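Asker: Following this line is protein.cif, made up of mmCIF, C-alpha atoms:
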```
data_entry
#
loop_
_atom_site.label_atom_id
_atom_site.label_comp_id
_atom_site.auth_asym_id
_atom_site.auth_seq_id
_atom_site.Cartn_x
_atom_site.Cartn_y
_atom_site.Cartn_z
CA MET A 1 95.42 118.58 8.88
CA ARG A 2 92.05 117.49 7.56
CA GLU A 3 89.32 117.94 10.15
CA ARG A 4 86.51 115.50 10.58
CA GLN A 5 83.08 116.45 11.77
CA THR A 6 82.13 115.42 15.26
CA PRO A 7 79.51 112.68 15.02
CA PRO A 8 76.92 112.52 17.78
CA ALA A 9 77.91 110.62 20.89
CA GLU A 10 76.69 107.06 21.04
CA LYS A 11 74.40 106.14 23.87
CA ILE A 12 76.46 103.79 25.98
CA ALA A 13 75.87 102.91 29.60
CA LEU A 14 78.46 104.24 32.01
CA ASP A 15 79.19 102.22 35.12
CA THR A 16 80.78 103.30 38.40
CA VAL A 17 84.31 102.83 37.11
CA ASP A 18 83.61 104.93 33.98
CA ARG A 19 82.26 107.68 36.21
CA GLU A 20 85.36 107.47 38.39
CA ILE A 21 87.51 107.83 35.28
CA LEU A 22 85.55 110.92 34.25
CA ALA A 23 85.72 112.39 37.74
CA LYS A 24 89.38 111.71 38.45
CA MET A 25 91.13 111.78 35.09
CA GLN A 26 90.35 115.25 33.70
CA GLY A 27 93.79 116.41 34.84
CA ASP A 28 96.98 115.39 36.67
CA PHE A 29 97.76 112.51 34.33
CA PRO A 30 101.05 111.11 35.65
CA LEU A 31 104.36 111.87 33.97
CA CYS A 32 106.13 108.56 34.49
CA PRO A 33 107.04 105.62 32.23
CA ARG A 34 103.75 103.74 32.86
CA PRO A 35 101.24 106.55 33.47
CA TYR A 36 98.14 104.46 32.71
CA GLN A 37 99.29 101.90 35.26
CA ALA A 38 99.78 104.63 37.87
CA ALA A 39 96.34 106.11 37.08
CA ALA A 40 94.76 102.63 37.12
CA GLU A 41 96.17 101.95 40.59
CA ARG A 42 94.45 105.07 41.92
CA LEU A 43 91.19 103.73 40.48
CA GLY A 44 91.77 100.20 41.75
CA ILE A 45 91.73 98.60 38.31
CA SER A 46 94.39 97.12 36.03
CA GLU A 47 96.32 99.06 33.41
CA ALA A 48 94.81 96.88 30.67
CA GLU A 49 91.28 97.60 31.89
CA LEU A 50 91.91 101.35 32.01
CA LEU A 51 93.29 101.36 28.45
CA GLN A 52 90.30 99.33 27.27
CA ARG A 53 87.82 101.63 29.01
CA LEU A 54 89.45 104.80 27.67
CA GLN A 55 89.34 103.37 24.15
CA ARG A 56 85.65 102.54 24.56
CA LEU A 57 84.84 106.02 25.91
CA LEU A 58 86.72 107.60 23.00
CA ASP A 59 85.07 105.33 20.41
CA ALA A 60 81.63 106.23 21.79
CA ARG A 61 82.65 109.91 21.87
CA VAL A 62 81.93 110.19 25.57
CA LEU A 63 85.45 111.57 25.52
CA THR A 64 86.42 113.83 22.66
CA ARG A 65 90.11 113.45 23.44
CA PHE A 66 92.58 112.15 26.01
CA GLY A 67 95.74 114.19 26.24
CA PRO A 68 97.20 117.65 26.81
CA MET A 69 95.02 120.77 26.56
CA VAL A 70 97.08 123.62 25.15
CA GLN A 71 96.52 127.26 26.18
CA ILE A 72 97.39 128.88 22.87
CA GLU A 73 97.61 132.40 24.27
CA ARG A 74 100.60 131.35 26.39
CA ILE A 75 102.55 130.71 23.20
CA GLY A 76 101.59 134.03 21.64
CA GLY A 77 98.53 132.80 19.82
CA ALA A 78 94.94 133.97 20.00
CA PHE A 79 91.57 132.49 20.83
CA VAL A 80 88.45 134.37 19.69
CA LEU A 81 84.73 133.66 19.90
CA ALA A 82 82.87 134.58 16.72
CA ALA A 83 79.35 134.25 15.36
CA LEU A 84 77.44 134.19 12.10
CA ALA A 85 73.78 134.78 11.26
CA VAL A 86 73.29 131.92 8.80
CA PRO A 87 70.16 131.56 6.63
CA GLU A 88 68.46 128.25 7.45
CA ALA A 89 68.46 127.16 3.81
CA SER A 90 72.25 127.17 3.64
CA TYR A 91 73.00 126.19 7.24
CA ASP A 92 74.60 122.80 6.59
CA GLU A 93 76.67 124.12 3.71
CA VAL A 94 77.99 127.03 5.79
CA ALA A 95 78.71 124.68 8.74
CA ALA A 96 80.84 122.51 6.44
CA GLN A 97 82.68 125.57 5.10
CA VAL A 98 83.42 126.92 8.57
CA ASN A 99 84.39 123.53 10.02
CA ALA A 100 86.83 122.92 7.17
CA LEU A 101 89.17 125.53 8.63
CA PRO A 102 91.65 123.92 11.07
CA GLN A 103 91.60 127.23 12.99
CA VAL A 104 88.01 126.47 14.04
CA ALA A 105 88.47 124.62 17.35
CA HIS A 106 84.78 124.12 18.03
CA ASN A 107 81.49 125.23 16.61
CA TYR A 108 77.97 125.17 18.05
CA ARG A 109 74.55 125.81 16.65
CA ARG A 110 72.69 128.19 18.96
CA GLU A 111 69.13 129.42 18.97
CA HIS A 112 69.37 133.12 18.15
CA LEU A 113 69.55 135.35 15.08
CA LEU A 114 73.29 134.76 15.48
CA ASN A 115 72.87 131.01 15.12
CA MET A 116 76.41 129.73 14.58
CA TRP A 117 79.04 130.32 17.29
CA PHE A 118 82.59 129.11 16.90
CA VAL A 119 86.00 129.59 18.46
CA LEU A 120 89.00 130.47 16.32
CA ALA A 121 92.40 129.45 17.72
CA THR A 122 95.51 130.58 15.87
CA GLU A 123 99.22 130.49 16.60
CA THR A 124 99.62 134.21 15.97
CA PRO A 125 97.25 137.14 16.61
CA GLU A 126 97.38 137.89 12.86
CA GLY A 127 95.88 134.48 12.20
CA ILE A 128 92.51 135.64 13.56
CA PRO A 129 91.71 138.38 10.99
CA ALA A 130 93.04 136.06 8.27
CA ALA A 131 90.66 133.28 9.32
CA ILE A 132 87.77 135.73 9.58
CA ALA A 133 88.50 137.07 6.09
CA GLU A 134 88.60 133.51 4.75
CA ILE A 135 85.26 132.62 6.34
CA GLU A 136 83.66 135.82 5.05
CA ALA A 137 84.99 135.18 1.55
CA THR A 138 83.87 131.55 1.54
CA THR A 139 80.42 132.02 3.06
CA GLY A 140 79.58 135.56 1.93
CA LEU A 141 78.42 136.26 5.50
CA LYS A 142 79.66 138.83 8.01
CA VAL A 143 81.62 137.37 10.91
CA HIS A 144 80.90 139.00 14.27
CA ALA A 145 84.01 138.66 16.43
CA PHE A 146 83.79 138.78 20.22
CA PRO A 147 87.40 138.76 21.44
CA LYS A 148 87.61 138.49 25.18
CA GLU A 149 88.50 141.71 26.92
CA ARG A 150 88.85 140.07 30.29
CA GLU A 151 88.76 136.49 31.54
CA TYR A 152 87.01 136.20 34.90
CA PHE A 153 86.99 132.42 35.09
CA VAL A 154 87.54 129.34 32.96
CA GLU A 155 87.51 125.75 34.18
CA MET A 156 85.46 123.24 32.23
CA LYS A 157 85.42 120.21 34.50
CA LEU A 158 82.01 118.62 34.73
CA GLU A 159 81.38 115.33 36.52
CA ALA A 160 79.33 112.61 34.86
CA ARG A 161 75.61 112.81 35.56
CA VAL A 162 74.59 109.62 33.82
CA MET B 1 93.39 141.85 20.21
CA SER B 2 95.65 140.17 22.78
CA ALA B 3 93.97 139.39 26.07
CA LEU B 4 94.33 141.81 28.95
CA SER B 5 94.31 138.84 31.29
CA ALA B 6 97.53 137.47 29.79
CA LYS B 7 99.79 139.10 32.36
CA GLU B 8 102.93 137.21 31.60
CA PRO B 9 104.82 137.44 28.31
CA ALA B 10 104.22 134.61 25.88
CA VAL B 11 106.34 131.49 26.19
CA VAL B 12 108.58 130.90 23.20
CA LEU B 13 108.52 127.24 22.19
CA ASP B 14 111.47 125.63 20.51
CA ALA B 15 111.03 123.27 17.59
CA VAL B 16 110.95 120.19 19.83
CA ASP B 17 108.23 121.59 22.14
CA ARG B 18 106.20 122.50 19.10
CA ALA B 19 106.65 119.03 17.59
CA LEU B 20 105.59 117.55 20.93
CA ILE B 21 102.36 119.57 20.89
CA VAL B 22 101.67 118.62 17.28
CA ALA B 23 102.30 114.94 18.11
CA THR B 24 99.93 114.92 21.11
CA GLN B 25 97.21 117.48 20.35
CA ALA B 26 94.84 114.84 18.96
CA GLY B 27 95.49 112.63 22.00
CA LEU B 28 98.09 110.56 23.83
CA PRO B 29 98.71 107.04 22.49
CA LEU B 30 96.66 104.44 24.37
CA VAL B 31 99.59 102.13 25.01
CA ALA B 32 101.34 101.12 28.21
CA GLU B 33 104.30 103.45 27.58
CA PRO B 34 102.86 106.46 25.72
CA TYR B 35 105.77 108.81 26.39
CA ALA B 36 108.25 106.25 25.08
CA GLN B 37 106.21 105.93 21.89
CA ILE B 38 106.12 109.71 21.41
CA ALA B 39 109.87 109.87 22.13
CA THR B 40 110.55 107.36 19.37
CA THR B 41 108.41 109.36 16.93
CA LEU B 42 110.25 112.59 17.76
CA GLY B 43 113.71 111.01 18.05
CA ILE B 44 114.33 112.18 21.61
CA ALA B 45 114.64 110.42 24.98
CA GLU B 46 111.52 109.41 26.91
CA ALA B 47 112.73 111.39 29.93
CA GLU B 48 112.92 114.49 27.74
CA VAL B 49 109.30 114.04 26.63
CA GLN B 50 108.21 113.92 30.28
CA ALA B 51 110.45 116.84 31.26
CA ARG B 52 109.17 119.02 28.41
CA LEU B 53 105.52 118.22 29.19
CA GLN B 54 106.21 119.03 32.85
CA ALA B 55 107.80 122.35 31.89
CA MET B 56 104.87 123.27 29.62
CA LEU B 57 102.43 122.45 32.44
CA ALA B 58 104.45 124.66 34.80
CA SER B 59 104.52 127.57 32.35
CA GLY B 60 100.81 127.25 31.56
CA VAL B 61 101.32 126.34 27.89
CA ILE B 62 99.49 123.11 28.75
CA ARG B 63 96.49 123.68 31.01
CA ARG B 64 96.24 120.04 31.98
CA ILE B 65 96.70 116.51 30.68
CA GLY B 66 93.71 114.20 30.87
CA ALA B 67 90.29 113.27 29.65
CA VAL B 68 88.23 115.82 27.71
CA PRO B 69 84.60 114.72 28.02
CA ASN B 70 81.83 115.46 25.60
CA HIS B 71 79.63 117.07 28.23
CA TYR B 72 76.44 116.16 26.37
CA ALA B 73 77.35 112.47 26.57
CA ILE B 74 77.87 112.61 30.33
CA GLY B 75 74.44 114.02 31.10
CA TRP B 76 74.86 117.77 30.61
CA THR B 77 72.34 118.02 27.82
CA ALA B 78 71.31 121.64 28.34
CA ASN B 79 74.12 124.10 27.71
CA GLY B 80 73.35 127.80 27.81
CA MET B 81 75.53 130.77 27.00
CA THR B 82 74.10 133.46 29.25
CA VAL B 83 74.81 136.99 28.05
CA TRP B 84 74.27 140.23 29.95
CA ASP B 85 74.38 143.96 29.32
CA VAL B 86 76.19 145.18 32.41
CA ASP B 87 77.14 148.73 33.43
CA ASP B 88 80.73 149.30 32.23
CA ALA B 89 81.65 150.89 35.54
CA ARG B 90 80.71 147.77 37.48
CA ILE B 91 81.36 144.89 35.12
CA ASP B 92 84.80 143.91 36.37
CA ALA B 93 83.75 143.60 40.00
CA LEU B 94 80.54 141.78 39.06
CA GLY B 95 82.20 139.62 36.40
CA ALA B 96 84.63 138.30 39.01
CA GLN B 97 81.67 137.43 41.26
CA VAL B 98 79.78 135.67 38.45
CA GLY B 99 82.95 133.75 37.53
CA ALA B 100 83.26 132.64 41.14
CA LEU B 101 79.81 130.97 41.13
CA ASP B 102 80.49 127.24 41.34
CA PHE B 103 78.28 126.37 38.36
CA VAL B 104 79.81 128.83 35.86
CA THR B 105 82.45 127.17 33.67
CA HIS B 106 83.54 130.15 31.56
CA CYS B 107 83.06 133.85 32.24
CA TYR B 108 84.36 136.66 30.06
CA ARG B 109 83.93 140.34 29.29
CA ARG B 110 83.56 140.85 25.53
CA PRO B 111 82.80 143.86 23.33
CA ARG B 112 79.20 144.78 22.51
CA ALA B 113 78.17 144.86 18.83
CA LEU B 114 75.56 147.60 18.88
CA PRO B 115 72.78 147.96 17.98
CA ASP B 116 72.05 144.23 17.60
CA TRP B 117 74.21 142.86 20.39
CA PRO B 118 74.15 144.88 23.62
CA TYR B 119 75.75 142.19 25.79
CA ASN B 120 79.22 142.53 27.30
CA LEU B 121 79.29 139.74 29.91
CA PHE B 122 79.25 136.08 28.86
CA ALA B 123 78.86 133.19 31.34
CA MET B 124 78.37 129.53 30.40
CA VAL B 125 75.95 127.42 32.46
CA HIS B 126 75.11 123.73 32.12
CA GLY B 127 72.37 121.43 33.31
CA SER B 128 70.40 118.29 32.66
CA SER B 129 67.46 120.42 31.60
CA ARG B 130 66.74 123.93 30.41
CA ASP B 131 64.89 124.57 33.67
CA GLU B 132 68.11 123.94 35.52
CA CYS B 133 69.96 126.40 33.27
CA GLU B 134 67.19 128.98 33.75
CA ALA B 135 67.51 128.64 37.51
CA LYS B 136 71.27 129.21 37.28
CA ALA B 137 70.76 132.18 34.95
CA GLY B 138 68.31 133.53 37.52
CA GLN B 139 71.01 133.44 40.18
CA ILE B 140 73.36 135.37 37.90
CA ARG B 141 70.63 137.92 37.17
CA GLU B 142 70.04 138.39 40.88
CA LEU B 143 73.74 138.87 41.56
CA LEU B 144 74.04 141.48 38.79
CA GLY B 145 71.09 143.44 40.18
CA ALA B 146 70.55 146.99 39.01
CA ALA B 147 73.83 147.05 37.08
CA CYS B 148 72.25 144.71 34.51
CA ARG B 149 70.04 146.24 31.83
CA ALA B 150 69.19 143.12 29.81
CA GLY B 151 70.08 139.49 29.41
CA ASP B 152 69.52 136.48 27.21
CA ILE B 153 70.40 132.79 27.16
CA LEU B 154 71.53 131.08 23.97
CA TYR B 155 71.23 127.30 24.12
CA SER B 156 73.41 125.13 21.95
CA SER B 157 71.18 122.84 19.93
CA LYS B 158 73.93 120.98 18.07
CA ILE B 159 77.68 120.44 18.29
CA LEU B 160 78.91 121.20 14.78
CA LYS B 161 82.59 120.63 15.62
CA LYS B 162 84.59 119.91 18.76
CA SER B 163 88.12 119.01 17.81
CA GLY B 164 89.93 121.40 20.14
CA LEU B 165 92.69 123.55 18.82
CA ARG B 166 95.07 122.28 16.17
CA ILE B 167 98.41 123.71 15.20
CA GLY B 168 100.70 122.40 12.52
#
```
For the structure just supplied, provide its representation as structure tokens.
Answerer:
Amino acid sequence: MRERQTPPAEKIALDTVDREILAKMQGDFPLCPRPYQAAAERLGISEAELLQRLQRLLDARVLTRFGPMVQIERIGGAFVLAALAVPEASYDEVAAQVNALPQVAHNYRREHLLNMWFVLATETPEGIPAAIAEIEATTGLKVHAFPKEREYFVEMKLEARV
Amino acid sequence: MSALSAKEPAVVLDAVDRALIVATQAGLPLVAEPYAQIATTLGIAEAEVQARLQAMLASGVIRRIGAVPNHYAIGWTANGMTVWDVDDARIDALGAQVGALDFVTHCYRRPRALPDWPYNLFAMVHGSSRDECEAKAGQIRELLGAACRAGDILYSSKILKKSGLRIG
């Protein structure tokens, strides 16, 4: 699957209903024939309005996705944080090379000598060293892998602040 | 390299579960009857789509179904990866306490990469400003106390990619 780069989010104004959607729809989406209608009822709006608002939030990239979040380790896969020290002169080129791999789930520029941090997600544990080898071959840079040794907490649910 | 925290054996997906993940990993259809549409695509009954999603939620293959916000776009413009060099003998007890702080969204123990990278505890903090992140990092530092030899905070200055995982 060809990956597209994430463009910056558009600045759109969020109203009370948008904030309610963000607060109440990060999980527990109903499993019934008309789930948007059921979710819309909880919010006190119509199904059509909810669909329209979700489309707008996705188009503006306020939401990156609406759907299931898969825990790849539960199906025998692996999820590893890794970093590169990228020379500034070739930063954009290296970002494009790294992002081209479908195994790269997300990638952030960070302010440090290690200035590119990405997460590799693969369906098998063997996929991780293969992806690392591919990135090292393509970029000519050493990949520093930081596999988790223990997970103390993970729950990324942030309410809207705008 | 498998995680120590994965206590249960991996779930084996059949071809239909896998096809269901591939069909929905970029998002659910924004139509009145999304499960019926997916069912048509996969050639199975709508009730089976719902039942399989329910089973994958129960087994933890799917963490949740819902909106995945771009946290920058909803006001969390300062995002810091705090990293700490914590005494190996105390990291697990302290890591659990850091993970329990209500503002920490991810908290992991990871290997050091000496000599350049002495840090073994990673905790993500978020705020509307760097000052807010610094204050949160300060609380973590205080909690770690004498067991912590050094720390740093790496702010993200650009999202280069955020597609989520993709199989297929």
Asker: Extract, using only C-alpha atoms, all DNA, RNA and protein residues at most 10 Å from A:Leu57, discarding same-chain residues fewer than 2 positions from it, and format them as a VMD selection string.
Answerer: (chain A and resid 9 to 10 12 14 18 21 to 22 51 to 55 59 to 66) or (chain B and resid 67 69 to 70 73)
Asker: List the neighbours of stretch 156-159 of chain B out to 7 Å using only C-alpha atoms; skip same-chain residues closer than 5 positions along the sequence, and give me the result as a ChimeraX atom specification.
Answerer: /A:107-111 /B:79-80
Asker: Residues within 12 Å of A:Phe153, please, as a PyMOL selection string. Count all atoms listed in the file; anything in the same chain fewer than 3 positions from it doesn't count.
Answerer: (chain A and resi 148+150+156) or (chain B and resi 5+92+95-109+121-124)
Asker: Run through the PyMOL selection byres ((chain B) within 7 of (chain A)) on the given coordinates and return the selected residues as number ranges by chain.
Answerer: B: 1-5, 10-13, 24-28, 30, 32-33, 35, 50, 60-70, 73-75, 95-96, 99, 105-111, 154-167
Asker: Given the PyMOL selection byres ((chain B and resi 119) around 8) and the file above, list the residues it selects as a short mmCIF file (atom, residue, chain, number, x, y, z; two decimals) with C-alpha atoms, in the coordinates of the input.
Answerer:
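Wrote out06.cif, looks like this:
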```
data_model
loop_
_atom_site.label_atom_id
_atom_site.label_comp_id
_atom_site.auth_asym_id
_atom_site.auth_seq_id
_atom_site.Cartn_x
_atom_site.Cartn_y
_atom_site.Cartn_z
CA VAL B 83 74.81 136.99 28.05
CA TRP B 84 74.27 140.23 29.95
CA ASP B 85 74.38 143.96 29.32
CA VAL B 86 76.19 145.18 32.41
CA ARG B 110 83.56 140.85 25.53
CA PRO B 111 82.80 143.86 23.33
CA ARG B 112 79.20 144.78 22.51
CA ALA B 113 78.17 144.86 18.83
CA TRP B 117 74.21 142.86 20.39
CA PRO B 118 74.15 144.88 23.62
CA ASN B 120 79.22 142.53 27.30
CA LEU B 121 79.29 139.74 29.91
CA PHE B 122 79.25 136.08 28.86
CA ALA B 150 69.19 143.12 29.81
CA GLY B 151 70.08 139.49 29.41
#
```
Asker: Report the residues retrieved by the PyMOL selection byres ((chain B and resi 129) around 10) from the displayed file, expressed as a short mmCIF file (atom, residue, chain, number, x, y, z; two decimals) with C-alpha atoms, in the coordinates of the input.
Answerer:
```
data_model
loop_
_atom_site.label_atom_id
_atom_site.label_comp_id
_atom_site.auth_asym_id
_atom_site.auth_seq_id
_atom_site.Cartn_x
_atom_site.Cartn_y
_atom_site.Cartn_z
CA GLY B 75 74.44 114.02 31.10
CA TRP B 76 74.86 117.77 30.61
CA THR B 77 72.34 118.02 27.82
CA ALA B 78 71.31 121.64 28.34
CA ASN B 79 74.12 124.10 27.71
CA HIS B 126 75.11 123.73 32.12
CA GLY B 127 72.37 121.43 33.31
CA SER B 128 70.40 118.29 32.66
CA ARG B 130 66.74 123.93 30.41
CA ASP B 131 64.89 124.57 33.67
CA GLU B 132 68.11 123.94 35.52
CA CYS B 133 69.96 126.40 33.27
CA GLU B 134 67.19 128.98 33.75
#
```
Asker: Please report the interatomic distance between atom CA of B:Arg149 and atom CA of A:Val86 in Å with one decimal.
Answerer: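 Computing it gives 27.3 Å between the two atoms.
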Asker: Measuring between all atoms listed in the file, which one of B:Ala45, B:Ala147, B:Val16, B:Ala23 shows the shortest distance to B:Gly168?
Answerer: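 Between B:Ala45, B:Ala147, B:Val16, B:Ala23, the residue approaching B:Gly168 most closely is B:Ala23.
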Asker: Can you pull out the residues contacting B:Ala15? Cut-off 12 Å, using all atoms listed in the file, and skip same-chain residues under 4 positions away; I want them as a ChimeraX atom specification.
Answerer: /B:19-22,42,52,168
Asker: Write the residues of the selection above to a file with C-alpha atoms, as an mmCIF file, in the coordinates of the input.
Answerer:
```cif
data_model
loop_
_atom_site.group_PDB
_atom_site.id
_atom_site.type_symbol
_atom_site.label_atom_id
_atom_site.label_comp_id
_atom_site.auth_asym_id
_atom_site.auth_seq_id
_atom_site.Cartn_x
_atom_site.Cartn_y
_atom_site.Cartn_z
ATOM 1 C CA ALA B 19 106.650 119.030 17.590
ATOM 2 C CA LEU B 20 105.590 117.550 20.930
ATOM 3 C CA ILE B 21 102.360 119.570 20.890
ATOM 4 C CA VAL B 22 101.670 118.620 17.280
ATOM 5 C CA LEU B 42 110.250 112.590 17.760
ATOM 6 C CA ARG B 52 109.170 119.020 28.410
ATOM 7 C CA GLY B 168 100.700 122.400 12.520
#
```
Asker: State, in Å with one decimal place, the distance from atom CA of B:Pro115 to atom CA of A:Gly127.
Answerer: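 Computing the Euclidean distance for atom CA of B:Pro115 and atom CA of A:Gly127 yields 27.4 Å.
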Asker: Take atom CA of A:Ile135 and atom CA of A:Val94 and report the distance between them in Å, one decimal.
Answerer: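 Taking atom CA of A:Ile135 as the start and atom CA of A:Val94 as the end point, the length is 9.2 Å.
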